[in-house]
file input-v2.txt (compact mmCIF, C-alpha atoms)
# COMPACT_ATOMS: atom_id res chain seq x y z
CA MET A 218 8.38 73.74 25.27
CA PHE A 219 9.78 74.36 28.74
CA PRO A 220 13.41 74.27 29.91
CA ILE A 221 15.03 70.94 30.74
CA THR A 222 18.53 70.85 32.22
CA THR A 223 20.33 67.52 32.47
CA LEU A 224 23.42 67.18 34.66
CA GLU A 225 25.58 64.07 34.40
CA PHE A 226 27.64 63.12 37.45
CA THR A 227 30.75 60.94 37.26
CA ILE A 228 31.83 59.57 40.64
CA GLU A 229 34.72 57.34 41.64
CA THR A 230 34.86 54.84 44.50
CA GLN A 231 37.54 52.63 46.01
CA TYR A 232 35.37 49.56 45.45
CA PRO A 233 32.67 48.92 42.79
CA LEU A 234 29.55 50.86 43.72
CA ASP A 235 26.66 48.42 44.21
CA LEU A 236 23.32 50.22 43.92
CA GLY A 237 21.27 47.01 43.91
CA ALA A 238 18.58 45.95 41.48
CA ASN A 239 17.11 49.48 41.33
CA PRO A 240 20.04 51.90 40.99
CA GLY A 241 17.80 54.85 40.17
CA ALA A 242 15.84 54.34 43.37
CA SER A 243 19.09 54.08 45.36
CA ILE A 244 20.32 57.37 43.92
CA ARG A 245 17.01 59.06 44.61
CA GLY A 246 17.02 57.74 48.19
CA ALA A 247 20.59 58.88 48.87
CA LEU A 248 19.85 62.32 47.43
CA TYR A 249 16.73 62.64 49.55
CA GLU A 250 18.61 61.69 52.71
CA ALA A 251 21.29 64.31 52.08
CA LEU A 252 18.77 67.01 51.19
CA ALA A 253 16.62 66.24 54.24
CA THR A 254 19.62 66.46 56.56
CA MET A 255 20.76 69.77 55.12
CA TYR A 256 17.64 71.68 54.08
CA ASP A 257 14.40 70.13 55.39
CA THR A 258 12.58 72.73 57.51
CA GLY A 259 9.79 70.35 58.54
CA ALA A 260 7.21 72.68 57.01
CA ILE A 261 4.73 71.77 54.29
CA SER A 262 5.46 73.43 50.96
CA THR A 263 2.87 74.62 48.49
CA ARG A 264 2.79 74.79 44.73
CA ASP A 265 3.61 78.51 44.75
CA ASN A 266 5.95 78.58 47.75
CA PRO A 267 8.93 76.25 47.28
CA ASP A 268 11.06 78.29 49.69
CA ASN A 269 8.83 77.31 52.63
CA ASN A 270 10.48 73.88 52.48
CA PRO A 271 12.55 73.27 49.34
CA VAL A 272 13.06 69.58 50.14
CA ASP A 273 9.34 68.94 50.53
CA TRP A 274 8.61 70.87 47.31
CA LEU A 275 11.25 69.00 45.32
CA MET A 276 10.91 65.46 46.68
CA ARG A 277 7.56 64.75 48.33
CA ARG A 278 4.97 67.48 47.77
CA GLU A 279 1.38 66.33 47.56
CA ASP A 280 -1.73 68.06 46.27
CA LYS A 281 -5.20 66.81 47.14
CA THR A 282 -6.58 68.54 44.04
CA ALA A 283 -3.98 67.11 41.66
CA ASP A 284 -5.29 65.31 38.59
CA GLY A 285 -4.57 61.61 38.89
CA GLY A 286 -4.00 61.46 42.66
CA ASP A 287 -2.47 63.22 45.61
CA LYS A 288 1.17 62.97 44.55
CA VAL A 289 2.23 65.49 41.93
CA ARG A 290 4.83 64.87 39.26
CA ARG A 291 8.27 65.83 40.50
CA PRO A 292 10.34 68.62 38.90
CA PHE A 293 13.23 66.25 38.26
CA GLY A 294 14.04 62.79 36.93
CA VAL A 295 16.86 60.30 37.43
CA ARG A 296 18.96 58.52 34.81
CA PRO A 297 20.61 55.57 36.54
CA PRO A 298 24.05 54.18 35.72
CA MET A 299 24.16 51.52 33.05
CA GLY A 300 26.06 48.24 33.18
CA ALA A 301 27.65 46.28 36.01
CA PRO A 302 28.86 47.90 39.27
CA SER A 303 32.17 49.68 38.78
CA ASP A 304 34.57 51.96 40.61
CA ARG A 305 33.56 54.70 38.15
CA THR A 306 29.81 55.36 38.03
CA VAL A 307 27.86 57.76 35.83
CA PHE A 308 24.32 58.90 36.56
CA ALA A 309 22.27 61.97 35.66
CA LEU A 310 19.58 64.21 37.06
CA SER A 311 17.23 66.26 34.87
CA PHE A 312 15.45 69.37 36.15
CA TYR A 313 12.21 70.70 34.65
CA GLY A 314 10.98 74.29 34.56
CA THR A 315 11.33 75.97 37.96
CA GLY A 316 13.04 72.83 39.24
CA HIS A 317 16.10 74.45 37.64
CA ASP A 318 16.17 76.91 40.57
CA HIS A 319 17.03 74.05 42.95
CA ILE A 320 20.16 72.92 41.09
CA PRO A 321 22.57 74.71 43.50
CA MET A 322 20.89 73.00 46.46
CA VAL A 323 21.12 69.59 44.79
CA LEU A 324 24.77 70.12 43.86
CA SER A 325 25.61 70.87 47.49
CA ALA A 326 23.72 67.72 48.56
CA VAL A 327 25.67 65.57 46.07
CA ASP A 328 28.86 67.11 47.47
CA ALA A 329 27.78 66.05 50.98
CA MET A 330 26.89 62.56 49.72
CA GLN A 331 30.59 61.95 49.09
CA THR A 332 31.16 61.46 52.82
CA ILE A 333 27.72 60.01 53.62
CA GLY A 334 28.19 57.27 51.05
CA MET A 335 25.73 55.56 48.75
CA GLY A 336 24.56 52.06 47.89
CA ARG A 337 25.21 48.82 49.74
CA GLY A 338 27.85 49.27 52.42
CA ARG A 339 27.56 53.05 52.22
CA ASN A 340 30.38 53.26 49.71
CA LYS A 341 31.96 56.72 49.92
CA PHE A 342 32.87 58.37 46.64
CA THR A 343 34.75 61.23 45.03
CA LEU A 344 32.99 63.50 42.57
CA HIS A 345 35.09 63.39 39.40
CA GLU A 346 33.08 65.83 37.27
CA VAL A 347 29.66 67.29 36.51
CA VAL A 348 28.71 67.72 32.87
CA ALA A 349 25.63 69.38 31.35
CA VAL A 350 24.15 67.28 28.53
CA ASP A 351 22.07 69.01 25.85
CA THR A 352 18.71 67.26 25.35
CA LEU A 353 18.83 67.64 21.57
CA SER A 354 22.44 67.59 20.36
CA ARG A 355 23.72 65.56 23.36
CA GLN A 356 26.63 68.00 23.44
CA ARG A 357 28.48 67.80 26.75
CA THR A 358 29.71 70.85 28.65
CA LEU A 359 32.00 70.48 31.67
CA ILE A 360 30.48 72.43 34.58
CA ILE A 361 32.40 71.23 37.65
CA ASN A 362 35.86 69.72 37.42
CA GLY A 363 37.63 67.13 39.55
CA VAL A 364 38.66 69.59 42.26
CA GLY A 365 35.15 70.95 42.73
CA GLU A 366 35.60 74.16 40.75
CA GLN A 367 32.78 75.46 38.58
CA VAL A 368 34.48 76.07 35.24
CA ALA A 369 31.46 77.08 33.14
CA PRO A 370 27.90 78.34 33.67
CA LEU A 371 24.95 76.10 32.96
CA PRO A 372 24.12 76.21 29.23
CA THR A 373 20.78 77.64 28.17
CA PRO A 374 18.27 74.79 27.63
CA PRO A 375 16.84 74.29 24.11
CA SER A 376 13.99 76.59 23.16
CA ALA A 377 10.72 75.61 21.48
CA GLY A 378 12.17 76.81 18.19
CA ALA A 379 15.27 74.66 18.67
CA TYR A 380 13.13 71.53 19.13
CA GLN A 381 11.21 72.30 15.95
CA ARG A 382 14.33 73.06 13.91
CA PHE A 383 15.96 69.85 15.06
CA ALA A 384 12.77 67.88 14.28
CA ASP A 385 12.78 69.31 10.75
CA MET A 386 16.17 67.64 10.14
CA LEU A 387 14.90 64.14 11.01
CA ASN A 388 13.13 61.48 8.94
CA PRO A 389 9.42 62.42 9.12
CA ASN A 390 8.15 58.90 8.37
CA GLY A 391 10.34 56.56 10.41
CA LEU A 392 11.64 56.43 13.96
CA THR A 393 13.83 54.13 16.05
CA VAL A 394 13.60 54.45 19.82
CA GLU A 395 15.99 52.95 22.39
CA PHE A 396 14.20 52.43 25.71
CA ARG A 397 17.23 52.50 28.00
CA THR A 398 15.49 51.85 31.31
CA PRO A 399 12.26 49.96 32.09
CA THR A 400 9.32 51.93 30.74
CA ARG A 401 6.08 51.29 32.60
CA ILE A 402 2.99 52.49 30.75
CA ILE A 403 -0.55 52.29 32.13
CA GLU A 404 -3.31 52.67 29.55
CA THR A 405 -6.84 53.67 30.54
CA ARG A 406 -9.64 52.18 28.46
CA GLU A 407 -13.33 52.88 28.74
CA ASN A 408 -16.17 50.43 28.15
CA ASN A 409 -19.74 49.91 29.34
CA ALA A 410 -18.49 49.07 32.81
CA GLY A 411 -16.50 52.29 33.05
CA LYS A 412 -12.78 53.04 32.96
CA LYS A 413 -10.19 50.35 33.56
CA GLU A 414 -6.39 50.49 33.68
CA TYR A 415 -4.20 48.07 31.72
CA LEU A 416 -0.45 47.49 31.90
CA VAL A 417 1.12 47.85 28.44
CA LYS A 418 3.89 45.28 27.99
CA ILE A 419 5.01 46.10 24.45
CA PRO A 420 6.00 49.56 23.14
CA ILE A 421 2.80 50.38 21.25
CA PHE A 422 3.35 53.88 19.90
CA LYS A 423 -0.06 55.28 20.80
CA ALA A 424 0.14 54.03 24.40
CA TRP A 425 3.46 55.55 25.44
CA VAL A 426 3.34 58.71 23.34
CA GLN A 427 -0.11 59.56 24.70
CA ARG A 428 1.34 59.27 28.21
CA LEU A 429 4.25 61.47 27.12
CA LEU A 430 1.97 64.23 25.82
CA GLU A 431 -0.01 64.12 29.06
CA ARG A 432 3.21 64.26 31.09
CA ILE A 433 4.44 67.29 29.14
CA ARG A 434 1.19 69.11 29.87
CA LYS A 435 1.05 68.23 33.57
CA VAL A 436 4.71 68.98 34.29
CA SER A 437 4.35 72.33 32.53
CA GLU A 438 1.25 73.12 34.60
CA GLU A 439 3.18 72.56 37.83
CA TYR A 440 6.53 74.10 36.98
CA THR A 441 6.11 76.81 34.33
CA ALA A 442 4.29 80.14 34.22
CA THR A 443 2.57 79.18 30.96
CA PRO A 444 1.33 75.57 30.70
CA LEU A 445 2.20 73.80 27.45
CA PHE A 446 -0.84 72.31 25.78
CA ALA A 447 -0.02 70.10 22.84
CA PRO A 448 -2.70 70.22 20.09
CA PHE A 449 -4.01 66.86 21.23
CA SER A 450 -7.10 66.88 18.99
CA GLU A 451 -4.80 67.16 15.97
CA LEU A 452 -2.16 64.73 17.19
CA LYS A 453 -4.43 61.99 18.55
CA PRO A 454 -5.44 60.58 15.13
CA LEU A 455 -1.74 60.29 14.25
CA LEU A 456 -0.93 58.18 17.31
CA ALA A 457 -2.93 55.16 16.17
CA SER A 458 -1.65 55.42 12.58
CA VAL A 459 2.03 55.09 13.54
CA LEU A 460 2.87 51.39 13.40
CA LEU A 461 5.30 49.34 15.43
CA VAL A 462 7.19 47.55 12.64
CA GLN A 463 10.07 46.04 14.63
CA ASP A 464 10.05 45.20 18.32
CA ASN A 465 13.33 44.21 19.91
CA THR A 466 12.23 45.04 23.44
CA HIS A 467 11.71 42.68 26.34
CA TRP A 468 9.91 42.95 29.64
CA LEU A 469 12.10 43.47 32.68
CA GLU A 470 10.47 42.45 35.95
CA ASN A 471 11.56 44.59 38.87
CA TRP A 472 10.41 45.82 42.29
CA SER A 473 11.40 48.73 44.50
CA HIS A 474 11.15 48.74 48.30
CA ASN A 475 9.65 51.82 49.90
CA ARG A 476 11.24 52.36 53.31
CA ARG A 477 8.65 54.94 54.32
CA ASP A 478 5.68 52.55 54.24
CA GLY A 479 7.48 49.19 54.06
CA THR A 480 5.87 48.16 50.78
CA ASP A 481 7.31 46.75 47.56
CA LYS A 482 6.13 48.50 44.41
CA PRO A 483 6.60 47.39 40.79
CA THR A 484 9.15 49.23 38.65
CA SER A 485 8.94 46.71 35.80
CA GLY A 486 8.72 47.82 32.19
CA PHE A 487 9.77 47.20 28.61
CA ILE A 488 13.36 47.87 27.63
CA GLY A 489 15.25 47.69 24.32
CA GLN A 490 14.79 49.02 20.80
CA ALA A 491 11.65 49.57 18.72
CA ARG A 492 11.13 50.83 15.17
CA TYR A 493 8.05 52.76 13.99
CA GLU A 494 6.71 53.96 10.63
CA GLY A 495 4.06 56.54 9.87
CA ASN A 496 3.51 60.30 9.85
CA ILE A 497 5.75 61.15 12.79
CA ALA A 498 6.77 64.70 11.78
CA PRO A 499 4.18 66.63 13.90
CA LEU A 500 5.12 64.55 16.96
CA LEU A 501 8.89 64.83 16.69
CA PRO A 502 9.34 68.02 18.81
CA TYR A 503 7.51 66.33 21.70
CA LEU A 504 9.40 63.06 21.26
CA LEU A 505 12.68 64.98 21.31
CA MET A 506 11.63 66.76 24.49
CA GLY A 507 10.70 63.43 26.08
CA GLN A 508 14.34 62.35 25.93
CA GLY A 509 14.98 64.75 28.82
CA LEU A 510 11.57 64.42 30.46
CA GLN A 511 11.31 60.60 30.38
CA VAL A 512 7.94 58.84 30.30
CA GLY A 513 5.68 56.55 32.31
CA LYS A 514 5.80 55.58 35.96
CA ASN A 515 8.75 55.90 38.38
CA VAL A 516 10.75 58.57 36.55
CA VAL A 517 12.29 59.74 39.86
CA LYS A 518 13.52 56.16 40.31
CA GLY A 519 15.19 56.08 36.90
CA ALA A 520 12.44 54.57 34.76
CA GLY A 521 11.21 55.68 31.36
CA TRP A 522 14.50 56.99 29.96
CA TYR A 523 14.58 56.67 26.18
CA GLU A 524 16.65 58.06 23.34
CA LEU A 525 15.81 58.51 19.67
CA VAL A 526 18.22 57.02 17.17
CA TYR A 527 18.67 60.06 14.93
CA ASP A 528 17.72 59.22 11.35
CA TRP A 529 18.53 62.30 9.32
CA ARG A 530 16.24 63.53 6.59
CA THR A 531 17.62 62.95 3.07
CA ASP A 532 15.32 65.06 0.87
call {"tool": "encode", "arguments": {"input": "input-v2.txt", "output": "structure tokens"}}
result
Amino acid sequence: MFPITTLEFTIETQYPLDLGANPGASIRGALYEALATMYDTGAISTRDNPDNNPVDWLMRREDKTADGGDKVRRPFGVRPPMGAPSDRTVFALSFYGTGHDHIPMVLSAVDAMQTIGMGRGRNKFTLHEVVAVDTLSRQRTLIINGVGEQVAPLPTPPSAGAYQRFADMLNPNGLTVEFRTPTRIIETRENNAGKKEYLVKIPIFKAWVQRLLERIRKVSEEYTATPLFAPFSELKPLLASVLLVQDNTHWLENWSHNRRDGTDKPTSGFIGQARYEGNIAPLLPYLLMGQGLQVGKNVVKGAGWYELVYDWRTD
């Protein structure tokens, strides 16, 4: 496993903060604007040289040799605020592998965003606190208080051993998953005519967990010294055997406007709770890790955030 650090930001505004239909995309856009103003050198970064242009490396780096297209997976994800617009808003950013090195830069950009404003009407805000949230235990550690003082260092992210030990405490044969934001899964199937992509509209276990395992591998390739290769040949037969026994999800139709090219792109996905049964034990460390990594398309816009409902082992 590789390190994942999740920082939760609580901000306060004079009026309810309206981030529109795609709050994750609004947060990502506001962060990018602040970072570009403060740190963009105009240079093109490379995989091994983030310091050449840290904004390009973090937010928009491309790689013509990348598997699956030019755009590489970003070293961070967004968890958008939940619920109706309010004068107190909570959102989170997760940093993966060497993305952790850019946390000080991002914190300074969020500080600048207080006067730049965010959302409709450029609502200015006050940063109330920054809390580190443990991927496994969900323990919260106050890092920055209401007057901008750092009161504690960033906690050490869970290790590979910690994921396995936590997995050993959970029910090995049943799993409930809460998909908190739209999860958009594309499945590739091969037939006589070749490969074709299909949009998966229900939370079939094999479809989204296969994408998760691929995401773990590709993110680790980009942002760690030692890529993490899950034993896919051993895990693949398990994916199809785990059954969706209760589906309380629904499809949420949504679109995000890209100001750079003027296009509207789908951010739709399934959302809600699903229950699975089967031999889940070997997959649990990866599923636990996915809580911080998120899954599917549009993670940097807040999609694919899920949480496991912890069902503790009784034997």
call {"tool": "atom_distance", "arguments": {"input": "input-v2.txt", "atom1": "CA of Asp351 (chain A)", "atom2": "CA of Leu224 (chain A)"}}
result
9.1 Å
call {"tool": "atom_distance", "arguments": {"input": "input-v2.txt", "atom1": "CA of Gln381 (chain A)", "atom2": "CA of Leu501 (chain A)"}}
result
7.9 Å
call {"tool": "closest_residue", "arguments": {"input": "input-v2.txt", "among": "A:Pro374, A:Pro233, A:Pro444, A:Pro271", "to": "Thr306 (chain A)", "atoms": "only C-alpha atoms"}}
result
A:Pro233
call {"tool": "closest_residue", "arguments": {"input": "input-v2.txt", "among": "A:Ala377, A:Val516, A:Ala247, A:Ala242", "to": "Gly334 (chain A)", "atoms": "only C-alpha atoms"}}
result
A:Ala247
call {"tool": "closest_residue", "arguments": {"input": "input-v2.txt", "among": "A:Leu504, A:Leu252, A:Ile488, A:Glu414", "to": "Pro321 (chain A)", "atoms": "all atoms listed in the file"}}
result
A:Leu252
call {"tool": "closest_residue", "arguments": {"input": "input-v2.txt", "among": "A:Ser243, A:Ser354, A:Thr531, A:Thr332", "to": "Thr230 (chain A)", "atoms": "all atoms listed in the file"}}
result
A:Thr332
call {"tool": "atom_distance", "arguments": {"input": "input-v2.txt", "atom1": "CA of Asp273 (chain A)", "atom2": "CA of Tyr503 (chain A)"}}
result
29.0 Å
call {"tool": "closest_residue", "arguments": {"input": "input-v2.txt", "among": "A:Phe446, A:Phe383, A:Trp472, A:Phe226", "to": "Ala520 (chain A)", "atoms": "all atoms listed in the file"}}
result
A:Trp472
call {"tool": "residues_near_point", "arguments": {"input": "input-v2.txt", "point": "(15.7, 73.5, 31.4)", "cutoff": "8 Å", "atoms": "only C-alpha atoms", "output": "number ranges by chain"}}
result
A: 219-223, 312-314, 317, 373-375
